[in-house]
file coords-v2.pdb (PDB, C-alpha atoms, pLDDT in the B column)
ATOM      1  CA  MET A 398     -30.903  73.159 -57.371  1.00 68.00           C
ATOM      2  CA  VAL A 399     -28.608  70.165 -56.924  1.00 79.00           C
ATOM      3  CA  ARG A 400     -30.283  67.511 -54.842  1.00 90.00           C
ATOM      4  CA  ARG A 401     -28.530  65.323 -52.347  1.00 97.00           C
ATOM      5  CA  VAL A 402     -28.285  61.636 -53.244  1.00 98.00           C
ATOM      6  CA  ALA A 403     -29.086  58.660 -51.024  1.00 98.00           C
ATOM      7  CA  LEU A 404     -28.143  55.095 -51.898  1.00 98.00           C
ATOM      8  CA  ILE A 405     -30.233  52.397 -50.213  1.00 98.00           C
ATOM      9  CA  THR A 406     -29.331  48.748 -50.658  1.00 98.00           C
ATOM     10  CA  GLY A 407     -32.305  46.437 -50.432  1.00 97.00           C
ATOM     11  CA  GLY A 408     -34.320  49.566 -51.086  1.00 98.00           C
ATOM     12  CA  ALA A 409     -37.286  48.001 -52.876  1.00 97.00           C
ATOM     13  CA  ARG A 410     -38.901  45.966 -50.099  1.00 95.00           C
ATOM     14  CA  ARG A 411     -39.898  46.028 -46.434  1.00 95.00           C
ATOM     15  CA  VAL A 412     -37.818  48.463 -44.339  1.00 96.00           C
ATOM     16  CA  GLY A 413     -35.678  49.326 -47.358  1.00 97.00           C
ATOM     17  CA  ALA A 414     -38.714  50.567 -49.248  1.00 98.00           C
ATOM     18  CA  ALA A 415     -39.769  52.708 -46.287  1.00 98.00           C
ATOM     19  CA  LEU A 416     -36.279  54.203 -46.247  1.00 98.00           C
ATOM     20  CA  SER A 417     -36.332  54.905 -49.991  1.00 98.00           C
ATOM     21  CA  ARG A 418     -39.658  56.678 -49.634  1.00 98.00           C
ATOM     22  CA  SER A 419     -38.476  58.681 -46.625  1.00 98.00           C
ATOM     23  CA  PHE A 420     -35.398  60.033 -48.392  1.00 98.00           C
ATOM     24  CA  ALA A 421     -37.436  60.875 -51.483  1.00 98.00           C
ATOM     25  CA  ARG A 422     -39.875  62.738 -49.257  1.00 98.00           C
ATOM     26  CA  ARG A 423     -36.915  64.756 -48.014  1.00 98.00           C
ATOM     27  CA  GLY A 424     -36.002  65.672 -51.577  1.00 98.00           C
ATOM     28  CA  TYR A 425     -33.104  63.278 -52.135  1.00 98.00           C
ATOM     29  CA  ASP A 426     -32.517  61.629 -55.469  1.00 98.00           C
ATOM     30  CA  ILE A 427     -32.462  57.902 -54.853  1.00 98.00           C
ATOM     31  CA  VAL A 428     -30.183  55.062 -55.897  1.00 98.00           C
ATOM     32  CA  LEU A 429     -32.504  52.118 -55.314  1.00 98.00           C
ATOM     33  CA  HIS A 430     -30.596  48.855 -55.165  1.00 98.00           C
ATOM     34  CA  HIS A 431     -32.315  45.475 -55.240  1.00 98.00           C
ATOM     35  CA  GLY A 432     -31.204  41.907 -55.616  1.00 96.00           C
ATOM     36  CA  ASN A 433     -34.128  40.195 -57.332  1.00 95.00           C
ATOM     37  CA  SER A 434     -37.156  42.455 -56.868  1.00 96.00           C
ATOM     38  CA  ALA A 435     -37.223  44.109 -60.279  1.00 97.00           C
ATOM     39  CA  ALA A 436     -40.970  44.610 -60.626  1.00 98.00           C
ATOM     40  CA  THR A 437     -41.281  45.972 -57.099  1.00 98.00           C
ATOM     41  CA  ALA A 438     -38.333  48.303 -57.640  1.00 98.00           C
ATOM     42  CA  VAL A 439     -39.748  49.677 -60.903  1.00 98.00           C
ATOM     43  CA  ALA A 440     -43.141  50.310 -59.321  1.00 98.00           C
ATOM     44  CA  LEU A 441     -41.613  52.017 -56.281  1.00 98.00           C
ATOM     45  CA  ALA A 442     -39.320  54.170 -58.418  1.00 98.00           C
ATOM     46  CA  ALA A 443     -42.241  55.346 -60.514  1.00 98.00           C
ATOM     47  CA  ALA A 444     -44.257  56.157 -57.406  1.00 98.00           C
ATOM     48  CA  LEU A 445     -41.420  58.147 -55.826  1.00 98.00           C
ATOM     49  CA  ALA A 446     -40.807  60.128 -58.998  1.00 98.00           C
ATOM     50  CA  ALA A 447     -44.494  60.922 -59.378  1.00 98.00           C
ATOM     51  CA  GLU A 448     -45.148  61.801 -55.750  1.00 98.00           C
ATOM     52  CA  PHE A 449     -41.975  63.664 -54.840  1.00 98.00           C
ATOM     53  CA  GLY A 450     -40.504  64.770 -58.172  1.00 97.00           C
ATOM     54  CA  VAL A 451     -37.156  63.100 -57.525  1.00 98.00           C
ATOM     55  CA  HIS A 452     -34.976  61.034 -59.816  1.00 98.00           C
ATOM     56  CA  VAL A 453     -34.515  57.351 -59.056  1.00 98.00           C
ATOM     57  CA  GLU A 454     -31.762  55.125 -60.408  1.00 98.00           C
ATOM     58  CA  ILE A 455     -32.556  51.420 -60.085  1.00 98.00           C
ATOM     59  CA  VAL A 456     -29.534  49.153 -59.668  1.00 98.00           C
ATOM     60  CA  GLN A 457     -29.810  45.373 -59.685  1.00 98.00           C
ATOM     61  CA  GLU A 458     -26.860  43.545 -58.165  1.00 98.00           C
ATOM     62  CA  ASP A 459     -26.457  40.287 -56.261  1.00 97.00           C
ATOM     63  CA  LEU A 460     -24.402  41.292 -53.233  1.00 97.00           C
ATOM     64  CA  VAL A 461     -23.038  37.764 -52.940  1.00 97.00           C
ATOM     65  CA  ASP A 462     -20.766  38.865 -55.797  1.00 97.00           C
ATOM     66  CA  SER A 463     -17.788  40.502 -54.100  1.00 96.00           C
ATOM     67  CA  SER A 464     -17.462  43.138 -56.825  1.00 97.00           C
ATOM     68  CA  ALA A 465     -21.140  44.173 -56.669  1.00 98.00           C
ATOM     69  CA  PRO A 466     -20.813  46.889 -53.984  1.00 98.00           C
ATOM     70  CA  ALA A 467     -18.310  48.847 -56.054  1.00 98.00           C
ATOM     71  CA  ARG A 468     -20.613  48.627 -59.068  1.00 98.00           C
ATOM     72  CA  VAL A 469     -23.558  49.918 -57.033  1.00 98.00           C
ATOM     73  CA  VAL A 470     -21.550  52.965 -55.961  1.00 98.00           C
ATOM     74  CA  GLN A 471     -20.289  53.532 -59.498  1.00 98.00           C
ATOM     75  CA  ALA A 472     -23.877  53.435 -60.776  1.00 98.00           C
ATOM     76  CA  ALA A 473     -24.720  56.229 -58.342  1.00 98.00           C
ATOM     77  CA  LEU A 474     -21.817  58.338 -59.580  1.00 98.00           C
ATOM     78  CA  ASN A 475     -22.578  57.631 -63.231  1.00 98.00           C
ATOM     79  CA  ARG A 476     -26.146  58.896 -62.803  1.00 98.00           C
ATOM     80  CA  PHE A 477     -25.783  61.680 -60.229  1.00 98.00           C
ATOM     81  CA  ASP A 478     -22.060  62.433 -59.930  1.00 97.00           C
ATOM     82  CA  ARG A 479     -22.343  62.604 -56.146  1.00 97.00           C
ATOM     83  CA  LEU A 480     -23.223  60.512 -53.109  1.00 98.00           C
ATOM     84  CA  ASP A 481     -24.265  61.991 -49.780  1.00 98.00           C
ATOM     85  CA  VAL A 482     -25.872  59.169 -47.797  1.00 98.00           C
ATOM     86  CA  VAL A 483     -25.501  55.393 -47.903  1.00 98.00           C
ATOM     87  CA  VAL A 484     -27.888  53.081 -46.052  1.00 98.00           C
ATOM     88  CA  SER A 485     -27.151  49.352 -46.122  1.00 98.00           C
ATOM     89  CA  SER A 486     -30.542  47.729 -45.668  1.00 97.00           C
ATOM     90  CA  ALA A 487     -29.991  44.579 -47.729  1.00 96.00           C
ATOM     91  CA  SER A 488     -29.798  41.555 -45.467  1.00 94.00           C
ATOM     92  CA  VAL A 489     -30.391  37.833 -45.328  1.00 92.00           C
ATOM     93  CA  MET A 490     -31.882  35.957 -42.363  1.00 88.00           C
ATOM     94  CA  GLU A 491     -32.349  32.271 -43.059  1.00 88.00           C
ATOM     95  CA  THR A 492     -33.628  29.908 -40.392  1.00 87.00           C
ATOM     96  CA  ARG A 493     -31.664  26.678 -40.094  1.00 90.00           C
ATOM     97  CA  ASP A 494     -31.240  24.026 -37.429  1.00 91.00           C
ATOM     98  CA  PHE A 495     -27.652  23.967 -36.137  1.00 91.00           C
ATOM     99  CA  ALA A 496     -26.917  20.608 -37.783  1.00 92.00           C
ATOM    100  CA  ALA A 497     -28.461  21.719 -41.076  1.00 93.00           C
ATOM    101  CA  VAL A 498     -26.346  24.848 -41.671  1.00 93.00           C
ATOM    102  CA  THR A 499     -24.235  24.386 -44.796  1.00 95.00           C
ATOM    103  CA  PRO A 500     -21.100  26.179 -45.966  1.00 95.00           C
ATOM    104  CA  ASP A 501     -23.240  27.856 -48.622  1.00 96.00           C
ATOM    105  CA  ASP A 502     -25.658  29.147 -45.953  1.00 95.00           C
ATOM    106  CA  TRP A 503     -22.757  30.558 -43.993  1.00 95.00           C
ATOM    107  CA  ALA A 504     -21.085  32.088 -47.033  1.00 96.00           C
ATOM    108  CA  ARG A 505     -24.313  33.788 -48.126  1.00 96.00           C
ATOM    109  CA  ALA A 506     -24.932  35.303 -44.696  1.00 96.00           C
ATOM    110  CA  GLU A 507     -21.355  36.512 -44.445  1.00 97.00           C
ATOM    111  CA  ALA A 508     -21.361  37.917 -47.971  1.00 97.00           C
ATOM    112  CA  ILE A 509     -24.585  39.915 -47.711  1.00 97.00           C
ATOM    113  CA  ASN A 510     -24.637  40.858 -44.014  1.00 97.00           C
ATOM    114  CA  LEU A 511     -20.968  41.667 -43.536  1.00 97.00           C
ATOM    115  CA  ARG A 512     -18.711  41.628 -46.578  1.00 98.00           C
ATOM    116  CA  ALA A 513     -20.988  43.680 -48.822  1.00 98.00           C
ATOM    117  CA  PRO A 514     -21.478  46.439 -46.212  1.00 98.00           C
ATOM    118  CA  PHE A 515     -17.703  46.697 -45.788  1.00 98.00           C
ATOM    119  CA  PHE A 516     -16.927  47.005 -49.483  1.00 98.00           C
ATOM    120  CA  LEU A 517     -19.867  49.333 -50.003  1.00 98.00           C
ATOM    121  CA  MET A 518     -18.385  51.618 -47.336  1.00 98.00           C
ATOM    122  CA  GLN A 519     -14.944  51.287 -48.889  1.00 98.00           C
ATOM    123  CA  ALA A 520     -16.231  52.340 -52.309  1.00 98.00           C
ATOM    124  CA  ALA A 521     -18.529  55.041 -50.929  1.00 98.00           C
ATOM    125  CA  ALA A 522     -15.764  56.591 -48.846  1.00 97.00           C
ATOM    126  CA  GLN A 523     -13.826  57.327 -52.018  1.00 95.00           C
ATOM    127  CA  ALA A 524     -16.872  58.929 -53.623  1.00 95.00           C
ATOM    128  CA  MET A 525     -18.304  60.970 -50.750  1.00 97.00           C
ATOM    129  CA  LYS A 526     -17.296  64.482 -49.856  1.00 95.00           C
ATOM    130  CA  PRO A 527     -16.712  65.506 -46.230  1.00 97.00           C
ATOM    131  CA  GLY A 528     -20.009  65.495 -44.383  1.00 97.00           C
ATOM    132  CA  GLY A 529     -21.230  62.218 -45.850  1.00 98.00           C
ATOM    133  CA  ALA A 530     -23.145  59.769 -43.689  1.00 98.00           C
ATOM    134  CA  ILE A 531     -23.290  55.979 -43.752  1.00 98.00           C
ATOM    135  CA  VAL A 532     -25.883  54.015 -41.782  1.00 98.00           C
ATOM    136  CA  GLN A 533     -25.910  50.253 -41.489  1.00 98.00           C
ATOM    137  CA  ILE A 534     -29.124  48.397 -40.672  1.00 97.00           C
ATOM    138  CA  ALA A 535     -27.929  45.944 -38.030  1.00 95.00           C
ATOM    139  CA  ASP A 536     -30.077  43.747 -35.765  1.00 90.00           C
ATOM    140  CA  HIS A 537     -30.858  43.639 -32.054  1.00 85.00           C
ATOM    141  CA  LEU A 538     -30.479  39.839 -32.247  1.00 79.00           C
ATOM    142  CA  ALA A 539     -26.733  40.328 -32.682  1.00 71.00           C
ATOM    143  CA  CYS A 540     -26.404  40.798 -28.932  1.00 69.00           C
ATOM    144  CA  GLU A 541     -28.905  38.124 -27.823  1.00 66.00           C
ATOM    145  CA  THR A 542     -28.772  34.403 -27.113  1.00 65.00           C
ATOM    146  CA  GLY A 543     -31.520  31.835 -27.374  1.00 66.00           C
ATOM    147  CA  PHE A 544     -31.928  31.790 -31.166  1.00 76.00           C
ATOM    148  CA  PRO A 545     -29.902  28.733 -32.213  1.00 81.00           C
ATOM    149  CA  ARG A 546     -31.658  28.532 -35.605  1.00 84.00           C
ATOM    150  CA  LEU A 547     -30.277  31.933 -36.592  1.00 86.00           C
ATOM    151  CA  ILE A 548     -26.571  31.437 -35.906  1.00 91.00           C
ATOM    152  CA  PRO A 549     -25.136  32.669 -39.252  1.00 91.00           C
ATOM    153  CA  HIS A 550     -27.409  35.706 -39.141  1.00 90.00           C
ATOM    154  CA  GLN A 551     -26.634  36.549 -35.526  1.00 91.00           C
ATOM    155  CA  VAL A 552     -22.888  36.118 -35.868  1.00 93.00           C
ATOM    156  CA  THR A 553     -22.597  38.194 -39.028  1.00 95.00           C
ATOM    157  CA  LYS A 554     -24.769  40.963 -37.587  1.00 94.00           C
ATOM    158  CA  ALA A 555     -22.689  40.986 -34.391  1.00 93.00           C
ATOM    159  CA  ALA A 556     -19.599  41.404 -36.534  1.00 95.00           C
ATOM    160  CA  LEU A 557     -21.348  44.241 -38.370  1.00 97.00           C
ATOM    161  CA  HIS A 558     -21.674  46.112 -35.060  1.00 95.00           C
ATOM    162  CA  GLN A 559     -17.909  45.925 -34.614  1.00 96.00           C
ATOM    163  CA  LEU A 560     -17.321  46.835 -38.256  1.00 97.00           C
ATOM    164  CA  VAL A 561     -19.310  50.042 -37.794  1.00 98.00           C
ATOM    165  CA  ARG A 562     -17.121  51.083 -34.875  1.00 97.00           C
ATOM    166  CA  ALA A 563     -13.893  50.279 -36.705  1.00 98.00           C
ATOM    167  CA  VAL A 564     -14.829  52.028 -39.945  1.00 98.00           C
ATOM    168  CA  ALA A 565     -16.273  55.033 -38.099  1.00 98.00           C
ATOM    169  CA  GLU A 566     -12.944  55.657 -36.447  1.00 98.00           C
ATOM    170  CA  HIS A 567     -11.077  55.212 -39.716  1.00 98.00           C
ATOM    171  CA  LEU A 568     -13.286  57.584 -41.732  1.00 98.00           C
ATOM    172  CA  ALA A 569     -13.563  60.301 -39.095  1.00 98.00           C
ATOM    173  CA  PRO A 570     -13.708  63.246 -39.191  1.00 98.00           C
ATOM    174  CA  HIS A 571     -14.909  63.472 -42.789  1.00 97.00           C
ATOM    175  CA  ILE A 572     -17.554  60.726 -42.988  1.00 98.00           C
ATOM    176  CA  ARG A 573     -19.764  59.505 -40.149  1.00 98.00           C
ATOM    177  CA  VAL A 574     -20.657  55.817 -39.799  1.00 98.00           C
ATOM    178  CA  ASN A 575     -23.433  54.543 -37.539  1.00 98.00           C
ATOM    179  CA  ALA A 576     -25.954  51.723 -37.331  1.00 98.00           C
ATOM    180  CA  VAL A 577     -29.537  51.114 -36.328  1.00 97.00           C
ATOM    181  CA  ALA A 578     -30.329  47.801 -34.636  1.00 94.00           C
ATOM    182  CA  PRO A 579     -34.070  47.215 -35.060  1.00 94.00           C
ATOM    183  CA  GLY A 580     -36.131  44.879 -32.979  1.00 89.00           C
ATOM    184  CA  LEU A 581     -39.347  43.362 -34.249  1.00 86.00           C
ATOM    185  CA  VAL A 582     -40.604  45.971 -36.711  1.00 84.00           C
ATOM    186  CA  LEU A 583     -41.752  43.597 -39.445  1.00 79.00           C
ATOM    187  CA  ALA A 584     -42.307  39.990 -38.457  1.00 73.00           C
ATOM    188  CA  PRO A 585     -40.774  37.354 -40.736  1.00 69.00           C
ATOM    189  CA  ASP A 586     -43.310  35.770 -43.052  1.00 67.00           C
ATOM    190  CA  ASP A 587     -43.018  32.427 -41.231  1.00 69.00           C
ATOM    191  CA  MET A 588     -43.370  33.843 -37.694  1.00 72.00           C
ATOM    192  CA  SER A 589     -46.580  32.657 -36.056  1.00 75.00           C
ATOM    193  CA  ALA A 590     -48.828  34.815 -33.901  1.00 78.00           C
ATOM    194  CA  ALA A 591     -47.881  32.711 -30.872  1.00 79.00           C
ATOM    195  CA  ALA A 592     -44.163  33.185 -31.527  1.00 73.00           C
ATOM    196  CA  THR A 593     -44.681  36.916 -31.945  1.00 76.00           C
ATOM    197  CA  ALA A 594     -46.509  37.091 -28.618  1.00 79.00           C
ATOM    198  CA  ARG A 595     -43.700  35.207 -26.853  1.00 79.00           C
ATOM    199  CA  PHE A 596     -41.130  37.558 -28.343  1.00 76.00           C
ATOM    200  CA  LEU A 597     -43.048  40.676 -27.326  1.00 81.00           C
ATOM    201  CA  HIS A 598     -43.316  39.405 -23.760  1.00 81.00           C
ATOM    202  CA  ASP A 599     -39.728  40.589 -23.280  1.00 83.00           C
ATOM    203  CA  VAL A 600     -40.281  44.008 -24.862  1.00 88.00           C
ATOM    204  CA  PRO A 601     -40.829  46.697 -22.188  1.00 90.00           C
ATOM    205  CA  LEU A 602     -42.919  48.807 -24.544  1.00 89.00           C
ATOM    206  CA  ALA A 603     -45.142  45.740 -25.027  1.00 87.00           C
ATOM    207  CA  ARG A 604     -45.625  46.054 -28.773  1.00 89.00           C
ATOM    208  CA  SER A 605     -43.879  45.580 -32.053  1.00 87.00           C
ATOM    209  CA  GLY A 606     -42.378  48.502 -33.894  1.00 90.00           C
ATOM    210  CA  THR A 607     -42.918  49.699 -37.440  1.00 95.00           C
ATOM    211  CA  PRO A 608     -40.623  50.520 -40.362  1.00 96.00           C
ATOM    212  CA  ASP A 609     -41.187  54.192 -39.526  1.00 97.00           C
ATOM    213  CA  ASP A 610     -39.383  53.643 -36.211  1.00 97.00           C
ATOM    214  CA  VAL A 611     -36.314  52.571 -38.167  1.00 97.00           C
ATOM    215  CA  VAL A 612     -36.736  55.458 -40.599  1.00 98.00           C
ATOM    216  CA  LEU A 613     -36.773  57.992 -37.759  1.00 98.00           C
ATOM    217  CA  ALA A 614     -33.625  56.492 -36.259  1.00 98.00           C
ATOM    218  CA  VAL A 615     -31.794  56.497 -39.591  1.00 98.00           C
ATOM    219  CA  HIS A 616     -32.629  60.134 -40.233  1.00 98.00           C
ATOM    220  CA  TYR A 617     -31.522  61.060 -36.733  1.00 98.00           C
ATOM    221  CA  LEU A 618     -28.133  59.488 -37.431  1.00 98.00           C
ATOM    222  CA  VAL A 619     -27.894  61.207 -40.811  1.00 98.00           C
ATOM    223  CA  ASP A 620     -28.672  64.582 -39.228  1.00 98.00           C
ATOM    224  CA  ALA A 621     -26.713  64.177 -35.961  1.00 98.00           C
ATOM    225  CA  LEU A 622     -23.404  65.735 -36.913  1.00 98.00           C
ATOM    226  CA  TYR A 623     -21.703  64.910 -33.604  1.00 98.00           C
ATOM    227  CA  VAL A 624     -22.543  61.188 -33.625  1.00 98.00           C
ATOM    228  CA  THR A 625     -20.380  58.477 -35.150  1.00 98.00           C
ATOM    229  CA  GLY A 626     -19.556  54.871 -34.300  1.00 98.00           C
ATOM    230  CA  THR A 627     -22.922  54.358 -32.589  1.00 97.00           C
ATOM    231  CA  VAL A 628     -25.262  51.385 -32.803  1.00 96.00           C
ATOM    232  CA  LEU A 629     -28.708  52.754 -31.962  1.00 96.00           C
ATOM    233  CA  GLN A 630     -31.093  50.181 -30.495  1.00 95.00           C
ATOM    234  CA  VAL A 631     -34.631  50.505 -31.827  1.00 95.00           C
ATOM    235  CA  ASP A 632     -36.161  47.502 -30.098  1.00 91.00           C
ATOM    236  CA  GLY A 633     -38.802  48.784 -27.700  1.00 90.00           C
ATOM    237  CA  GLY A 634     -36.352  48.370 -24.825  1.00 87.00           C
ATOM    238  CA  ARG A 635     -35.843  44.629 -25.293  1.00 86.00           C
ATOM    239  CA  HIS A 636     -32.095  45.070 -24.762  1.00 84.00           C
ATOM    240  CA  LEU A 637     -32.848  46.034 -21.146  1.00 81.00           C
ATOM    241  CA  ARG A 638     -33.941  42.473 -20.388  1.00 74.00           C
ATOM    242  CA  ARG A 639     -30.969  40.587 -21.763  1.00 67.00           C
TER
END

call {"tool": "encode", "arguments": {"input": "coords-v2.pdb", "output": "structure tokens"}}
result
Amino acid sequence: MVRRVALITGGARRVGAALSRSFARRGYDIVLHHGNSAATAVALAAALAAEFGVHVEIVQEDLVDSSAPARVVQAALNRFDRLDVVVSSASVMETRDFAAVTPDDWARAEAINLRAPFFLMQAAAQAMKPGGAIVQIADHLACETGFPRLIPHQVTKAALHQLVRAVAEHLAPHIRVNAVAPGLVLAPDDMSAAATARFLHDVPLARSGTPDDVVLAVHYLVDALYVTGTVLQVDGGRHLRR
């Protein structure tokens, strides 16, 4: 039996790791991209192969390099000769005061959060057969105000929302392109308990989410054959209070 193949960027850690595991559980072979998490990626790949009997190709690439996305896709084709699903989970969210943001900060956010997803889709579109699905991991903060220390992140993620709509129209009807915009599903390492409580005050469901909430949304978009160009909010209803 020929397995389907899922490529997950940033697939070794946090939400990306949950996504890698979820596709392996579904019987997909996995292309597990990471930037600098080699030990974590190797351990996860071994666990997925042992638990689910799938094949895992580990690909290390720094997505700041403009040619990296094409190499990630080519690695998938070299190993599996097919590509069915692409999930862009790799992201950068650096906290900076407005006056402290540097051109390098901006360039890194733009490269990883926006440019890499575009060129990954461009390369994947040439490799995928009709019926392929691409899902971008966006961010609910893209449509919010009040986070002046996250300007490069917010702006690039907002542009990613528009990119999804534009590419979805271009690739239809053969390949579907959607996005998931998570809310607080994994708090940043430097987020205090008090800050988390303040954030959750504006969440109607009155709790944080989990990586599994993102996983469920991604698989819905992969399976929903009549959905394209959609940004699915997975934020506990926080968008209702903007």

call {"tool": "closest_residue", "arguments": {"input": "coords-v2.pdb", "among": "A:Gly529, A:Gly424, A:Gly580, A:Gly413", "to": "Ala438 of chain A", "atoms": "all atoms listed in the file"}}
result
A:Gly413

call {"tool": "closest_atom_pairs", "arguments": {"input": "coords-v2.pdb", "of": "segment 520-556 of chain A", "to": "segment 483-492 of chain A", "cutoff": "6 Å", "atoms": "all atoms listed in the file", "output": "JSON lines"}}
result
{"residue": "A:Ile531", "atom": "CA", "partner": "A:Val483", "partner_atom": "CA", "distance": 4.7}
{"residue": "A:Val532", "atom": "CA", "partner": "A:Val484", "partner_atom": "CA", "distance": 4.8}
{"residue": "A:Gln533", "atom": "CA", "partner": "A:Ser485", "partner_atom": "CA", "distance": 4.9}
{"residue": "A:Ile534", "atom": "CA", "partner": "A:Ser486", "partner_atom": "CA", "distance": 5.2}
{"residue": "A:Arg546", "atom": "CA", "partner": "A:Thr492", "partner_atom": "CA", "distance": 5.4}
{"residue": "A:Leu547", "atom": "CA", "partner": "A:Thr492", "partner_atom": "CA", "distance": 5.5}
{"residue": "A:His550", "atom": "CA", "partner": "A:Met490", "partner_atom": "CA", "distance": 5.5}

call {"tool": "closest_atom_pairs", "arguments": {"input": "coords-v2.pdb", "of": "segment 499-542 of chain A", "to": "segment 628-634 of chain A", "cutoff": "9 Å", "atoms": "all atoms listed in the file", "output": "JSON lines"}}
result
{"residue": "A:Gln533", "atom": "CA", "partner": "A:Val628", "partner_atom": "CA", "distance": 8.8}
{"residue": "A:Ala535", "atom": "CA", "partner": "A:Val628", "partner_atom": "CA", "distance": 8.0}
{"residue": "A:Asp536", "atom": "CA", "partner": "A:Gln630", "partner_atom": "CA", "distance": 8.4}
{"residue": "A:His537", "atom": "CA", "partner": "A:Gln630", "partner_atom": "CA", "distance": 6.7}

call {"tool": "atom_distance", "arguments": {"input": "coords-v2.pdb", "atom1": "atom CA of Val611 of chain A", "atom2": "atom CA of Arg418 of chain A"}}
result
12.6 Å

call {"tool": "atom_distance", "arguments": {"input": "coords-v2.pdb", "atom1": "atom CA of Thr625 of chain A", "atom2": "atom CA of Asp599 of chain A"}}
result
28.9 Å

call {"tool": "build_atoms", "arguments": {"input": "coords-v2.pdb", "residues": "segment 445-463 of chain A", "atoms": "N, CA and C atoms", "output": "short mmCIF file (atom, residue, chain, number, x, y, z; two decimals), in the coordinates of the input"}}
result
data_model
loop_
_atom_site.label_atom_id
_atom_site.label_comp_id
_atom_site.auth_asym_id
_atom_site.auth_seq_id
_atom_site.Cartn_x
_atom_site.Cartn_y
_atom_site.Cartn_z
N LEU A 445 -42.21 57.09 -56.46
CA LEU A 445 -41.42 58.15 -55.83
C LEU A 445 -41.24 59.34 -56.77
N ALA A 446 -40.98 59.04 -58.03
CA ALA A 446 -40.81 60.13 -59.00
C ALA A 446 -42.10 60.93 -59.15
N ALA A 447 -43.22 60.23 -59.20
CA ALA A 447 -44.49 60.92 -59.38
C ALA A 447 -44.89 61.72 -58.15
N GLU A 448 -44.68 61.15 -56.97
CA GLU A 448 -45.15 61.80 -55.75
C GLU A 448 -44.23 62.92 -55.28
N PHE A 449 -42.92 62.72 -55.43
CA PHE A 449 -41.98 63.66 -54.84
C PHE A 449 -41.13 64.42 -55.87
N GLY A 450 -41.24 64.06 -57.14
CA GLY A 450 -40.50 64.77 -58.17
C GLY A 450 -39.01 64.54 -58.16
N VAL A 451 -38.59 63.40 -57.59
CA VAL A 451 -37.16 63.10 -57.52
C VAL A 451 -36.79 62.15 -58.65
N HIS A 452 -35.48 61.99 -58.84
CA HIS A 452 -34.98 61.03 -59.82
C HIS A 452 -34.56 59.77 -59.08
N VAL A 453 -34.83 58.64 -59.67
CA VAL A 453 -34.52 57.35 -59.06
C VAL A 453 -33.74 56.50 -60.04
N GLU A 454 -32.58 56.05 -59.62
CA GLU A 454 -31.76 55.12 -60.41
C GLU A 454 -31.90 53.74 -59.79
N ILE A 455 -32.40 52.80 -60.56
CA ILE A 455 -32.56 51.42 -60.08
C ILE A 455 -31.30 50.64 -60.45
N VAL A 456 -30.76 49.94 -59.45
CA VAL A 456 -29.53 49.15 -59.67
C VAL A 456 -29.78 47.73 -59.17
N GLN A 457 -29.67 46.77 -60.06
CA GLN A 457 -29.81 45.37 -59.68
C GLN A 457 -28.43 44.75 -59.56
N GLU A 458 -28.13 44.24 -58.39
CA GLU A 458 -26.86 43.54 -58.16
C GLU A 458 -27.07 42.49 -57.08
N ASP A 459 -26.48 41.33 -57.29
CA ASP A 459 -26.46 40.29 -56.26
C ASP A 459 -25.25 40.54 -55.37
N LEU A 460 -25.50 40.91 -54.12
CA LEU A 460 -24.40 41.29 -53.23
C LEU A 460 -23.55 40.11 -52.78
N VAL A 461 -23.93 38.91 -53.17
CA VAL A 461 -23.04 37.76 -52.94
C VAL A 461 -21.78 37.91 -53.79
N ASP A 462 -21.91 38.58 -54.92
CA ASP A 462 -20.77 38.86 -55.80
C ASP A 462 -19.89 39.92 -55.12
N SER A 463 -18.65 39.61 -54.87
CA SER A 463 -17.79 40.50 -54.10
C SER A 463 -17.52 41.83 -54.80
#
